[in-house]
Structures are given as C-alpha cells and as structure tokens.
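Engineer: Take a look at the following structure, please.
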Amino acid sequence: MALNLYNTLTRSVQEFVPLDSPKKKVGMYCCGPTVYDFAHIGNWRTFVFADLVRRTLEFSGYDVQHVMNITDVEDKIIKRVREQKTTLREFTGKFETAFLDDLKALGCREPHQKPRATEHIPEIIALIEKLVARGVAYKAADGSVYFSIEKYRSCGCGYGQLLKLNLDEMRAGERVASDEYEKESVADFALWKARVPDDGDVFWPSPFGEGRPGWHIECSAMSIKALGETFDLHLGGEDLKFPHHEDEIAQSEGATGKPFVKYWLHGAHLLVEGKKMSKSLGNFFTLRDLLAKGFTGREVRYLLLTAHYRETFNFTLDGLHGAKSALARIDECVGKLREIAGDKVGTPWPPSLLMKDFSFALADDLNISGAWASVFYWVRETNKLIANNNLPPEEAASRLSEWEYFDSVLGVGAKAEAEAPTEIQTLAEARTAAKKAKDFKRSDAIREELKAKGWIIDDTPKGIKLRKL
Ligand SMILES: [Zn+2]
C-alpha cells in the first residue's frame, strides 16, 4: 500500500518513494533540541510527530535510519553559559540527558544517531570552505563568514523553496548575525561567527579565524555526514521552516549542487488552553511540569497523538484527563484479554479488516483520527465479546496480537506489569533469578511472599506476568 505524505517542498500530498526504493531504506533527519533548557510541550509535539513518522515507516516495512542532532552550541546557549558562569559541556550535558529521559518517558524510539554540533566542527568548517570556494559565501568586515543569498540566486538556485519570500524587497548587502530572524529580514546569514568577548571560552580555530558555527550550518553538516548529500526525509516544527530549514537547503545545495532533501514534513504549532504558550500566562509546560501534576508520559503522548500533525492543536489539562480515561478503557480491555488468553500466543495474520482500516488511515498522510477510530471500534467489539463470554483463549490471544499491531505505531503500551510497585517487581525479579539458579525452595518462598502481599506471578512463554489477587 502506498504511503502518502504532505511534502512542504511541493505543497502537496505525495506518494512516498524513497531514494533507495528497492531496498526500502529511508534516511530521516529531524532537527533535535537546542539544549539550553528543558523542552516544552510545544517542542514535544514535534518529537512525538517525528516518532509517529518513524514508526509508520517501520510499520510499513521500511528500514529507517533516524538521525536527530543535538544543538549544543548556539546563541541562546552561549548567553546562558555566560550568565551562569559555567562551561559549555557542563551546561548542555544536563539538558541533553534530561531531553533523552523525557523522550523515553514519551515512548519515542531512540534515534539511531544523535550527533552533537560541537563534535562536528571539522565537517562544518569543510562545508563552509566549499561554499566560499563556490563563491556563495564571503568573509565580512566583522570577521564572520556569511552566506550570500544574491550569489546563490544568481547561480540559478532557489531561495524560498519552503515558503514564499518577497526577495525583491531584500536590500543587497544586508546581513544578519543572529541564529533566529524574521521573514521580513531575509538577509545574508552567518555560517561562521567570529569570536567576540561575550563568547568566553566557546570558540574553535578555523581557516577564517577563531569563532563558532552558526546554527543553520550545523544541521547541514551533520545531516549530510549521517545520511549523504541527498536524503529522503527532513522533519521539524513549522516554526523552523524559515529561516532554519530554508537556510539548510541553501547551504547544502549551494555546497553540493545536488537536491538536499526529497520530502520535507512539518508539524503544526501547539496552543495551550487556547493560547500561545508563555511563562507570563501560566500556560507554559515542560514534560516535567506535567509529570509533577500526576500525569504520565503515555498520557501526554496519547493526547499529542490525537490531532493530525498539520493541524494546530489545543493542548489542555482537561484533554489530559480525557487521555487518562481513554487509556484506562484500552488498559481494561487489554488486561481482560490477557487473563482470558492465558499462555496462548496469537498471530495477527491474516490481518483483520480493522487492521487494514488502521493502516489505510495512516497511509493517508498519517490520518491519526482514523487510526484511533479503528482502535476504539476494536475496544467496543472486544468488550462485547468478553461481556457475552464469547471469547475462547485462542481468539483472545489473536485479539491481543491485533492490539500489538496497533500499538507498534501508537506506542502507548498497555498498563500491565509496570503497575506493580517497585517492591513487588524486585521480588518477582529475585524469584526469576532463584528459578534460573535452580533454587526452587527460594523461588517458591518468594511466590508465597508475593501472594501474601496480594500479587500472583504467572509464568508465560513471553516471561513472567504479575497480576493482583
Ligand atoms: Zn536543523
């Protein structure tokens, strides 16, 4: 079945055909975090969206190479390193770790490669040298190296591929040194920023003088290194279309003379309680803020996955309560199926009509509402069969494998053993170890202890399962 996705480059829904179509290999780059603070829920919408794209591709049989960079040198980072009188690595390290922990808590598959900008300075310098050699970059009086939009355009290259820009209003010779700027100020942007006193210890030697890379060139250098000069998919939030992604295209195509990316996918904005997120409005949440309110990563993931990625989404705390009850319905149904299935193992083959509906919905530009509709229809039908005592263990097992089929894309899991408190899980692990060591006396004693604490341990072909008495 063809997978159709909206490509920002062509402004249309297109069939996804990767460059290495026969081998079904896909190179996918998603702009990663700028590690200067904890990521907020708007950032997380983008990363959960990227995870949905990756899971859908894998579900469709593609062999995905997922690359997500870590921006660990950039204007905002340098400012905070200076303010907090710390070192770059010490400062960025803690936010990088926090980011990866949060990514896991949200059920996102870990990217195969997570290149750090500071570990790619030679590649960045080489790319800038190429741009200088091709005449589309120049060193300005301030000692920094800039990308020349005028020169780039005069080579017949297109600036403004992702969104319409009024380039005629551009004044020749205008330059911008900062990493982020408005559409109205389309201008030559910095590739290499000459060292200034405010940079402190953050600088590297280069043929252009001491300095540091601009944000945009980091992504071009790392994506080309990881995935080649032309690759399949580039993702990010829509706020990155300009200038970041537009500049990535210009730098990469300006240096290689080849098309940079075949499909560009952008996730839409997120509002919180109907408004743009801001600290002063009290609607600014990191994932940690939500966990502290008693919500779980899977509830946040569920809520973020209820809206289509190209629609602005209104994230609310009420919505999170709704996510809690929706997941409880699924958990209850899956829990009952597990009880009935016992040790029977099901197979999702041949796929049911519902599974086909589910995959058709995803193939239609990730129509997630359609996919959820299949899941909740499945919950209703399963509950009816359970209520009527009309579900033999074999069928319960095959329904469980249907759930696993859905969940391989949705990634919300189902409450099960994880529900047992740590003390119980530790005991269960000790029993497994005792059994392995053939210390059956101890393993039986632990089983009894668990029972006394209200938990039953079942040995199944897939390992142990804990359930409440
Ligand atoms: Zn990027």
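Identifiers for the structure tokens are assigned positionally: chains receive A, B, ... in sequence, residues are indexed from 1 per chain, and ligands are indexed from 1 in the order shown.
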Write out as an MDAnalysis selection string the residues lying within 6 Å of stretch 262-266 of chain A, counting only C-alpha atoms and excluding same-chain residues fewer than 2 positions away.

Structural biologist: chainID A and resid 7:8 232:238

Engineer: Tell me, counting only C-alpha atoms, for each residue of stretch 109-166 of chain A within 10 Å of stretch 243-260 of chain A, which pair of atoms is nearest and how far apart they are in Å to one decimal, in rows ordered by chain and increasing number, as a Markdown table.

Structural biologist:
```
| residue | atom | partner | partner_atom | distance |
| --- | --- | --- | --- | --- |
| A:Ala126 | CA | A:Ala255 | CA | 9.9 |
| A:Leu127 | CA | A:Ala255 | CA | 6.8 |
| A:Ile128 | CA | A:Ala255 | CA | 8.1 |
| A:Glu129 | CA | A:Ala255 | CA | 8.9 |
| A:Lys130 | CA | A:Ala255 | CA | 5.7 |
| A:Leu131 | CA | A:Ala255 | CA | 5.2 |
| A:Val132 | CA | A:Ala255 | CA | 8.8 |
| A:Ala133 | CA | A:Ala255 | CA | 8.9 |
| A:Arg134 | CA | A:Ala255 | CA | 7.1 |
| A:Gly135 | CA | A:Gly254 | CA | 9.3 |
| A:Val136 | CA | A:Gly254 | CA | 7.0 |
| A:Ala137 | CA | A:Gln251 | CA | 9.2 |
| A:Phe147 | CA | A:Gln251 | CA | 7.6 |
| A:Ser148 | CA | A:Ala250 | CA | 9.7 |
| A:Ile149 | CA | A:Ala250 | CA | 8.3 |
| A:Lys151 | CA | A:Gly254 | CA | 9.8 |
| A:Tyr152 | CA | A:Gly254 | CA | 6.7 |
| A:Arg153 | CA | A:Ala250 | CA | 9.4 |
| A:Cys155 | CA | A:Gly254 | CA | 8.9 |
| A:Cys157 | CA | A:Gly254 | CA | 7.7 |
| A:Gly158 | CA | A:Ala250 | CA | 7.8 |
| A:Tyr159 | CA | A:Ala250 | CA | 6.5 |
| A:Gly160 | CA | A:Glu246 | CA | 6.4 |
| A:Gln161 | CA | A:Glu246 | CA | 6.9 |
| A:Leu162 | CA | A:Glu246 | CA | 6.5 |
| A:Leu163 | CA | A:Glu246 | CA | 8.3 |
```

Engineer: Can I get the selection written as an mmCIF file, in the first residue's frame, with C-alpha atoms?

Structural biologist:
```cif
data_model
loop_
_atom_site.group_PDB
_atom_site.id
_atom_site.type_symbol
_atom_site.label_atom_id
_atom_site.label_comp_id
_atom_site.auth_asym_id
_atom_site.auth_seq_id
_atom_site.Cartn_x
_atom_site.Cartn_y
_atom_site.Cartn_z
ATOM 1 C CA ALA A 126 34.807 21.939 5.445
ATOM 2 C CA LEU A 127 31.263 22.746 4.318
ATOM 3 C CA ILE A 128 31.836 26.486 4.783
ATOM 4 C CA GLU A 129 35.094 26.226 2.821
ATOM 5 C CA LYS A 130 33.188 24.589 -0.012
ATOM 6 C CA LEU A 131 30.654 27.429 -0.011
ATOM 7 C CA VAL A 132 33.445 30.017 -0.054
ATOM 8 C CA ALA A 133 35.174 28.155 -2.909
ATOM 9 C CA ARG A 134 31.936 28.108 -4.893
ATOM 10 C CA GLY A 135 31.565 31.848 -4.421
ATOM 11 C CA VAL A 136 28.347 31.770 -2.392
ATOM 12 C CA ALA A 137 29.917 32.656 0.954
ATOM 13 C CA PHE A 147 26.123 33.097 3.050
ATOM 14 C CA SER A 148 25.370 35.330 0.075
ATOM 15 C CA ILE A 149 21.773 34.945 -0.999
ATOM 16 C CA LYS A 151 25.237 34.983 -5.312
ATOM 17 C CA TYR A 152 23.332 31.826 -4.587
ATOM 18 C CA ARG A 153 20.337 33.023 -6.561
ATOM 19 C CA CYS A 155 23.719 30.581 -9.808
ATOM 20 C CA CYS A 157 19.439 28.206 -7.215
ATOM 21 C CA GLY A 158 16.149 28.786 -5.454
ATOM 22 C CA TYR A 159 15.979 30.530 -2.099
ATOM 23 C CA GLY A 160 12.466 30.298 -0.699
ATOM 24 C CA GLN A 161 11.656 26.702 -1.598
ATOM 25 C CA LEU A 162 9.589 26.021 1.506
ATOM 26 C CA LEU A 163 7.661 29.255 1.698
#
```

Engineer: May I have the residues within 10 Å of ligand 1, computed using only C-alpha atoms and all ligand atoms, as a list in words?

Structural biologist: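 These are the residues that qualify: Tyr29, Cys30, Cys31, Gly32, Pro33, Thr34, Met68, Asn69, Ile70, Thr71, Trp215, His216, Ile217, Glu218, Cys219, Ser220, Ala221, Met222, Ser223, His234, Leu235, Gly236, Leu240, Lys241, His244, His245, Asp247 and Glu248 of chain A.
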
Engineer: Just the residues within 6 Å of stretch 42-49 of chain A, please, counting only C-alpha atoms, with nothing from its chain fewer than 3 positions along; format it as an NGL selection string.

Structural biologist: :A and (39 or 52 or 237 or 267 or 270)

Engineer: Rank nothing, just name the residue among A:Ser144, A:Thr382, A:Thr286, A:Gln65 nearest to A:Phe189, using only C-alpha atoms.

Structural biologist: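 Once distances to A:Phe189 are computed over only C-alpha atoms, the minimum belongs to A:Ser144.
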
Engineer: Please compute the atom CA of A:Asn389-atom CA of A:Asp343 distance, one decimal, in Å.

Structural biologist: 18.4 Å

Engineer: In stretch 203-382 of chain A, what's alpha helix (DSSP H) per DSSP? Answer as an MDAnalysis selection string?

Structural biologist: chainID A and resid 215:227 246:256 287:292 297:304 317:341 353:363 368:382

Engineer: Please provide the set of residues having any atom within 8 Å of A:Ile78, restricted to only C-alpha atoms, with same-chain residues fewer than 5 positions apart removed, written as a PDB file with N, CA and C atoms, in the first residue's frame.

Structural biologist:
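Produced file selection.pdb, reproduced below:
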```pdb
ATOM      1  N   VAL A  73      25.741  24.153  20.616  1.00  0.00           N
ATOM      2  CA  VAL A  73      26.380  25.481  20.584  1.00  0.00           C
ATOM      3  C   VAL A  73      25.507  26.372  19.702  1.00  0.00           C
ATOM      4  N   LEU A  88      30.544  25.146  28.614  1.00  0.00           N
ATOM      5  CA  LEU A  88      29.560  24.748  27.605  1.00  0.00           C
ATOM      6  C   LEU A  88      29.088  23.307  27.835  1.00  0.00           C
ATOM      7  N   ASP A 199      31.632  35.536  23.899  1.00  0.00           N
ATOM      8  CA  ASP A 199      31.645  34.077  23.670  1.00  0.00           C
ATOM      9  C   ASP A 199      32.427  33.326  24.747  1.00  0.00           C
ATOM     10  N   VAL A 202      33.997  29.734  24.438  1.00  0.00           N
ATOM     11  CA  VAL A 202      33.354  28.978  23.367  1.00  0.00           C
ATOM     12  C   VAL A 202      33.839  29.459  21.995  1.00  0.00           C
TER      13      VAL A 202
END
```

Engineer: Could you tell me how far atom CA of A:Lys79 sits from atom CA of A:Trp192, in Å to one decimal place?

Structural biologist: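 These two atoms are separated by 17.2 Å.
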
Engineer: Which residues of stretch 387-420 of chain A come within 10 Å of stretch 349-364 of chain A, and for each one, what is the closest pair of atoms and their distance in Å to one decimal, counting only C-alpha atoms, sorted by chain and residue number, as JSON lines?

Structural biologist:
```
{"residue": "A:Ser398", "atom": "CA", "partner": "A:Trp349", "partner_atom": "CA", "distance": 8.6}
{"residue": "A:Arg399", "atom": "CA", "partner": "A:Ser352", "partner_atom": "CA", "distance": 9.7}
{"residue": "A:Ser401", "atom": "CA", "partner": "A:Trp349", "partner_atom": "CA", "distance": 9.1}
{"residue": "A:Glu402", "atom": "CA", "partner": "A:Met355", "partner_atom": "CA", "distance": 7.2}
{"residue": "A:Trp403", "atom": "CA", "partner": "A:Met355", "partner_atom": "CA", "distance": 9.3}
{"residue": "A:Tyr405", "atom": "CA", "partner": "A:Met355", "partner_atom": "CA", "distance": 7.8}
{"residue": "A:Phe406", "atom": "CA", "partner": "A:Phe358", "partner_atom": "CA", "distance": 7.5}
{"residue": "A:Val409", "atom": "CA", "partner": "A:Leu362", "partner_atom": "CA", "distance": 9.3}
```

Engineer: When distances are computed from only C-alpha atoms, which of A:Asn367, A:Ser21, A:Ser278, A:Thr347 shows the smallest separation from A:Glu395?

Structural biologist: A:Thr347

Engineer: For stretch 266-352 of chain A versus stretch 451-458 of chain A, which residues have an atom no more than 12 Å away, and what is each residue's nearest atom pair and distance in Å rounded to one decimal, using only C-alpha atoms, chain-then-number order, as a Markdown table?

Structural biologist:
```
| residue | atom | partner | partner_atom | distance |
| --- | --- | --- | --- | --- |
| A:Arg338 | CA | A:Asp458 | CA | 11.3 |
| A:Glu339 | CA | A:Asp458 | CA | 10.5 |
| A:Gly342 | CA | A:Asp458 | CA | 9.0 |
| A:Asp343 | CA | A:Asp458 | CA | 9.2 |
```

Engineer: Any chance you can output those residues with all heavy atoms as a JSON list (two decimals), in the first residue's frame?

Structural biologist:
```
[["chain", "number", "residue", "atom", "x", "y", "z"],
["A", 338, "ARG", "N", -5.68, -10.45, 28.28],
["A", 338, "ARG", "CA", -4.52, -11.19, 28.80],
["A", 338, "ARG", "C", -4.95, -12.30, 29.73],
["A", 338, "ARG", "O", -4.43, -13.41, 29.66],
["A", 338, "ARG", "CB", -3.57, -10.24, 29.53],
["A", 338, "ARG", "CG", -2.75, -9.39, 28.58],
["A", 338, "ARG", "CD", -1.63, -8.69, 29.34],
["A", 338, "ARG", "NE", -0.84, -7.90, 28.41],
["A", 338, "ARG", "CZ", -0.51, -6.64, 28.59],
["A", 338, "ARG", "NH1", -0.90, -6.01, 29.67],
["A", 338, "ARG", "NH2", 0.22, -6.00, 27.69],
["A", 339, "GLU", "N", -5.94, -11.99, 30.58],
["A", 339, "GLU", "CA", -6.43, -13.02, 31.51],
["A", 339, "GLU", "C", -7.02, -14.19, 30.74],
["A", 339, "GLU", "O", -6.74, -15.35, 31.03],
["A", 339, "GLU", "CB", -7.52, -12.43, 32.40],
["A", 339, "GLU", "CG", -6.99, -11.78, 33.65],
["A", 339, "GLU", "CD", -8.11, -11.09, 34.41],
["A", 339, "GLU", "OE1", -9.22, -11.65, 34.51],
["A", 339, "GLU", "OE2", -7.87, -9.96, 34.89],
["A", 342, "GLY", "N", -4.42, -16.32, 28.65],
["A", 342, "GLY", "CA", -3.50, -17.16, 29.42],
["A", 342, "GLY", "C", -2.19, -17.31, 28.68],
["A", 342, "GLY", "O", -1.57, -16.34, 28.29],
["A", 343, "ASP", "N", -1.79, -18.59, 28.45],
["A", 343, "ASP", "CA", -0.49, -18.77, 27.79],
["A", 343, "ASP", "C", -0.61, -18.96, 26.28],
["A", 343, "ASP", "O", 0.34, -19.30, 25.60],
["A", 343, "ASP", "CB", 0.28, -19.93, 28.42],
["A", 343, "ASP", "CG", -0.51, -21.22, 28.36],
["A", 343, "ASP", "OD1", -1.62, -21.21, 27.76],
["A", 343, "ASP", "OD2", -0.03, -22.23, 28.91]]
```

Engineer: With only C-alpha atoms as the atoms that count, which of A:Ala292, A:Val272, A:Ala397, A:Ala433 lies nearest to A:Val334?

Structural biologist: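 Result for the nearest residue to A:Val334: A:Ala397.
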
Engineer: Separation of atom CA of A:Leu385 and atom CA of A:Leu303, in Å?

Structural biologist: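 Distance between the two atoms: 27.9 Å.
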
Engineer: Hey, what's within 12 Å of A:Pro18 if we count only C-alpha atoms and toss same-chain stuff fewer than 6 positions away? As an MDAnalysis selection string, please?

Structural biologist: chainID A and resid 2:5 24:28 57 62:64 230:233 261:263

Engineer: Please tabulate, as a tab-separated table, the residues of stretch 390-412 of chain A that come within 9 Å of stretch 298-301 of chain A, each with its closest pair of atoms and the distance in Å to one decimal, counting only C-alpha atoms and ordering rows by chain, then residue number upward.

Structural biologist:
```
residue	atom	partner	partner_atom	distance
A:Leu410	CA	A:Arg301	CA	8.9
A:Gly411	CA	A:Arg298	CA	8.3
A:Val412	CA	A:Arg298	CA	5.5
```

Engineer: Only all heavy atoms, please: the residues just picked out, written as a PDB file, in the first residue's frame.

Structural biologist:
```
ATOM      1  N   LEU A 410       1.292   3.325  17.593  1.00  0.00           N
ATOM      2  CA  LEU A 410       0.814   4.306  18.576  1.00  0.00           C
ATOM      3  C   LEU A 410       1.790   4.460  19.737  1.00  0.00           C
ATOM      4  O   LEU A 410       1.962   5.545  20.274  1.00  0.00           O
ATOM      5  CB  LEU A 410      -0.571   3.906  19.082  1.00  0.00           C
ATOM      6  CG  LEU A 410      -1.613   3.771  17.967  1.00  0.00           C
ATOM      7  CD1 LEU A 410      -2.899   3.175  18.513  1.00  0.00           C
ATOM      8  CD2 LEU A 410      -1.887   5.131  17.313  1.00  0.00           C
ATOM      9  N   GLY A 411       2.386   3.350  20.134  1.00  0.00           N
ATOM     10  CA  GLY A 411       3.428   3.401  21.164  1.00  0.00           C
ATOM     11  C   GLY A 411       2.953   3.841  22.539  1.00  0.00           C
ATOM     12  O   GLY A 411       3.741   4.379  23.312  1.00  0.00           O
ATOM     13  N   VAL A 412       1.670   3.596  22.856  1.00  0.00           N
ATOM     14  CA  VAL A 412       1.213   3.968  24.204  1.00  0.00           C
ATOM     15  C   VAL A 412       1.315   2.797  25.172  1.00  0.00           C
ATOM     16  O   VAL A 412       1.092   2.951  26.368  1.00  0.00           O
ATOM     17  CB  VAL A 412      -0.237   4.529  24.211  1.00  0.00           C
ATOM     18  CG1 VAL A 412      -0.280   5.875  23.526  1.00  0.00           C
ATOM     19  CG2 VAL A 412      -1.220   3.557  23.592  1.00  0.00           C
TER      20      VAL A 412
END
```

Engineer: Please extract the residues of stretch 181-257 of chain A with a backbone DSSP assignment of strand (DSSP E) and present them as a list of chain:residue names.

Structural biologist: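 Filtering stretch 181-257 of chain A to strand (DSSP E) leaves A:Asp188, A:Phe189, A:Ala190, A:Leu191, A:Trp192, A:Lys193, A:Ala194, A:Gly211, A:Arg212, A:Pro213, A:Phe231, A:Asp232, A:Leu233, A:His234, A:Leu235, A:Gly236, A:Gly237.
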
Engineer: Using only C-alpha atoms, which of the listed residues (A:Lys23, A:Leu167, A:Gly200, A:Gly61) sits closest to A:Met1?

Structural biologist: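 Closest to A:Met1, using only C-alpha atoms: A:Gly61.
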